[in-house]
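To start, the structure itself, in structure tokens.
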Amino acid sequence: MKHIYLMRHCQAVGQDAACQLTEKGRDQAVELVRFFDEIPLERMISSPYQRALDSCRLIAESKQIVLEEDIRLSERVLSGEDLPNWLQLLEESFLDLDKKLEGGESGAEAGGRGLEVIEEAISGPGTHIGIMTHGNLLTLMLQQLNPEYGFTAWKSMTNPDVYHITIDKGNCHIERIWNK
């Protein structure tokens with residue numbers, strides 16, 4: 001049986017790739033170390049965005065495992081321009097996964113690249129694998145596994161957040177295990 005721990009990064013000061021964690025976010029990263037203390041993580045794969053790396057670096061250090069970066073875990077770009085109605089467009093993009101805005105990526109494209117990471121983790125070494133990413137992409141990854149996940153799930157996510165995915169004999173079970 002494979003155990004995937006799909007995580008959203010801790011609280012950050014902004015959205016661009018170089019944004020750092022807030023003071024609260026740094027405290028949350030320490031909390032994540034305690035949360036994973038009894039979980040035997042063997043691998044940790046992260047988005048290369050600074051806030052994601054900073055959210056899981058302490059976990060990797062405490063487990064004495066290599067922190068692997070994967071560009072496919074970068075946050076989805078909804079559009080290449082600032083949109084005043086971005087929230088409405090984001091909701092529409094969860095309903096129509098092929099919807100693609102100028103300079104952006106469709107939900108199907110983003111979810112597909114995220115799913116590739118999960119599939120490679122399942123077929124690769126280790127039975128307990130942590131994957132750190134971003135809220136929009138995480139939700140699209142969950143949606144690839146279970147279509148019930150969508151905009152409402154995204155809106156209810158916290159920073160950080162953790163979903164435990166078990167894969168056994170082709171059966172997939174998803175459970176939100178972060179209850180803070």
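So you can find residues: chains in the structure tokens are A, B, ... in the order shown, residues in each start at 1, and ligands are numbered from 1 in order.
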**OP:** Do a neighbour search on Ala60 (chain A) at 12 Å with only C-alpha atoms, toss out local chain neighbours closer than 3 positions, and write the hits as a VMD selection string.
**Re:** chain A and resid 29 to 30 32 to 33 36 to 37 40 to 46 53 to 57 63 to 69 129 to 132
Original post:
Which residues come within 7 Å of Met7 (chain A), counting only C-alpha atoms, excluding same-chain residues fewer than 6 positions away, as a ChimeraX atom specification?
Top reply: /A:131-133,160-163
Subject >> Shell around Met1 (chain A) at 7 Å using only C-alpha atoms, local window under 3 positions removed, as a PyMOL selection string >> reply: chain A and resi 127+166-168
Would you put the residues from that selection into a file with C-alpha atoms, as an mmCIF file, in the first residue's frame?
```cif
data_model
loop_
_atom_site.group_PDB
_atom_site.id
_atom_site.type_symbol
_atom_site.label_atom_id
_atom_site.label_comp_id
_atom_site.auth_asym_id
_atom_site.auth_seq_id
_atom_site.Cartn_x
_atom_site.Cartn_y
_atom_site.Cartn_z
ATOM 1 C CA THR A 127 5.629 3.688 0.774
ATOM 2 C CA THR A 166 -3.901 5.729 0.168
ATOM 3 C CA ILE A 167 -3.574 3.581 -2.916
ATOM 4 C CA ASP A 168 -4.119 -0.145 -2.438
#
```
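Counting only C-alpha atoms, the residue from A:Asp70, A:Leu101, A:Asn159, A:Asn179 that sits nearest to Glu120 (chain A) is A:Asp70.
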Original post:
Which distance in Å separates CA of Gly80 (chain A) and CA of Lys100 (chain A), to one decimal?
Top reply: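 Computing it gives 10.7 Å between the two atoms.
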**OP:** as a PyMOL selection string, list the residues of chain A assigned to strand (DSSP E) by DSSP on the backbone atoms of this structure.
**Re:** chain A and resi 2-8+43-46+67-69+128-133+161-168+171-176
If you keep C-alpha atoms, can you produce a file of those selected residues as an mmCIF file, in the first residue's frame?
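And here is the file that came out, result-v2.cif:
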```cif
data_model
loop_
_atom_site.group_PDB
_atom_site.id
_atom_site.type_symbol
_atom_site.label_atom_id
_atom_site.label_comp_id
_atom_site.auth_asym_id
_atom_site.auth_seq_id
_atom_site.Cartn_x
_atom_site.Cartn_y
_atom_site.Cartn_z
ATOM 1 C CA LYS A 2 1.236 3.499 -0.861
ATOM 2 C CA HIS A 3 0.631 6.534 1.339
ATOM 3 C CA ILE A 4 0.816 9.958 -0.272
ATOM 4 C CA TYR A 5 0.658 13.036 1.954
ATOM 5 C CA LEU A 6 -0.419 15.871 -0.329
ATOM 6 C CA MET A 7 0.279 19.210 1.365
ATOM 7 C CA ARG A 8 -0.423 22.870 0.851
ATOM 8 C CA ARG A 43 10.532 10.848 0.401
ATOM 9 C CA MET A 44 9.639 14.546 0.226
ATOM 10 C CA ILE A 45 8.875 16.166 -3.122
ATOM 11 C CA SER A 46 8.182 19.901 -3.334
ATOM 12 C CA LEU A 67 14.162 17.277 -0.356
ATOM 13 C CA GLU A 68 13.371 16.737 -4.046
ATOM 14 C CA GLU A 69 12.164 19.684 -6.154
ATOM 15 C CA HIS A 128 5.143 7.028 2.604
ATOM 16 C CA ILE A 129 5.732 10.051 0.374
ATOM 17 C CA GLY A 130 5.161 13.728 1.136
ATOM 18 C CA ILE A 131 4.284 16.099 -1.713
ATOM 19 C CA MET A 132 4.266 19.862 -1.030
ATOM 20 C CA THR A 133 2.470 22.163 -3.441
ATOM 21 C CA ASP A 161 -3.227 21.656 4.800
ATOM 22 C CA VAL A 162 -2.614 17.923 4.509
ATOM 23 C CA TYR A 163 -4.504 15.210 2.634
ATOM 24 C CA HIS A 164 -3.677 11.534 3.114
ATOM 25 C CA ILE A 165 -4.122 9.501 -0.049
ATOM 26 C CA THR A 166 -3.901 5.729 0.168
ATOM 27 C CA ILE A 167 -3.574 3.581 -2.916
ATOM 28 C CA ASP A 168 -4.119 -0.145 -2.438
ATOM 29 C CA ASN A 171 -8.287 1.676 -4.968
ATOM 30 C CA CYS A 172 -7.779 5.299 -3.956
ATOM 31 C CA HIS A 173 -8.956 6.812 -0.664
ATOM 32 C CA ILE A 174 -8.562 10.523 0.199
ATOM 33 C CA GLU A 175 -8.834 11.940 3.702
ATOM 34 C CA ARG A 176 -8.093 15.434 4.965
#
```
Subject >> Polymer residues at most 8 Å from Thr139 (chain A), only C-alpha atoms, same-chain spacing of 2 or more positions, as number ranges by chain >> reply: A: 135-137, 141-143, 149-151, 153-154
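Excluding Cys19 (chain A) itself and same-chain residues fewer than 3 positions from it, the residues having an atom within 8 Å of it are Ala12, Val13, Gly14, Gln15, Asp16, Tyr49, Gln50 and Arg51 of chain A, counting only C-alpha atoms.
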Dump as a PDB file, in the first residue's frame, selection limited to N, CA and C atoms:
```
ATOM      1  N   ALA A  12       2.197  32.461   3.611  1.00  0.00           N
ATOM      2  CA  ALA A  12       3.275  33.217   2.963  1.00  0.00           C
ATOM      3  C   ALA A  12       2.883  34.679   2.797  1.00  0.00           C
ATOM      4  N   VAL A  13       3.889  35.509   2.471  1.00  0.00           N
ATOM      5  CA  VAL A  13       3.656  36.942   2.327  1.00  0.00           C
ATOM      6  C   VAL A  13       3.067  37.318   0.972  1.00  0.00           C
ATOM      7  N   GLY A  14       3.046  36.412   0.015  1.00  0.00           N
ATOM      8  CA  GLY A  14       2.518  36.736  -1.308  1.00  0.00           C
ATOM      9  C   GLY A  14       2.387  35.508  -2.175  1.00  0.00           C
ATOM     10  N   GLN A  15       2.266  35.739  -3.489  1.00  0.00           N
ATOM     11  CA  GLN A  15       1.981  34.663  -4.431  1.00  0.00           C
ATOM     12  C   GLN A  15       3.102  34.339  -5.414  1.00  0.00           C
ATOM     13  N   ASP A  16       4.080  35.229  -5.568  1.00  0.00           N
ATOM     14  CA  ASP A  16       5.094  34.934  -6.582  1.00  0.00           C
ATOM     15  C   ASP A  16       6.059  33.867  -6.089  1.00  0.00           C
ATOM     16  N   TYR A  49       8.894  26.631  -5.566  1.00  0.00           N
ATOM     17  CA  TYR A  49       8.592  27.953  -5.014  1.00  0.00           C
ATOM     18  C   TYR A  49       9.111  28.022  -3.578  1.00  0.00           C
ATOM     19  N   GLN A  50       9.655  29.166  -3.202  1.00  0.00           N
ATOM     20  CA  GLN A  50      10.288  29.330  -1.897  1.00  0.00           C
ATOM     21  C   GLN A  50       9.361  28.973  -0.749  1.00  0.00           C
ATOM     22  N   ARG A  51       8.103  29.409  -0.797  1.00  0.00           N
ATOM     23  CA  ARG A  51       7.183  29.154   0.308  1.00  0.00           C
ATOM     24  C   ARG A  51       6.904  27.667   0.495  1.00  0.00           C
TER      25      ARG A  51
END
```
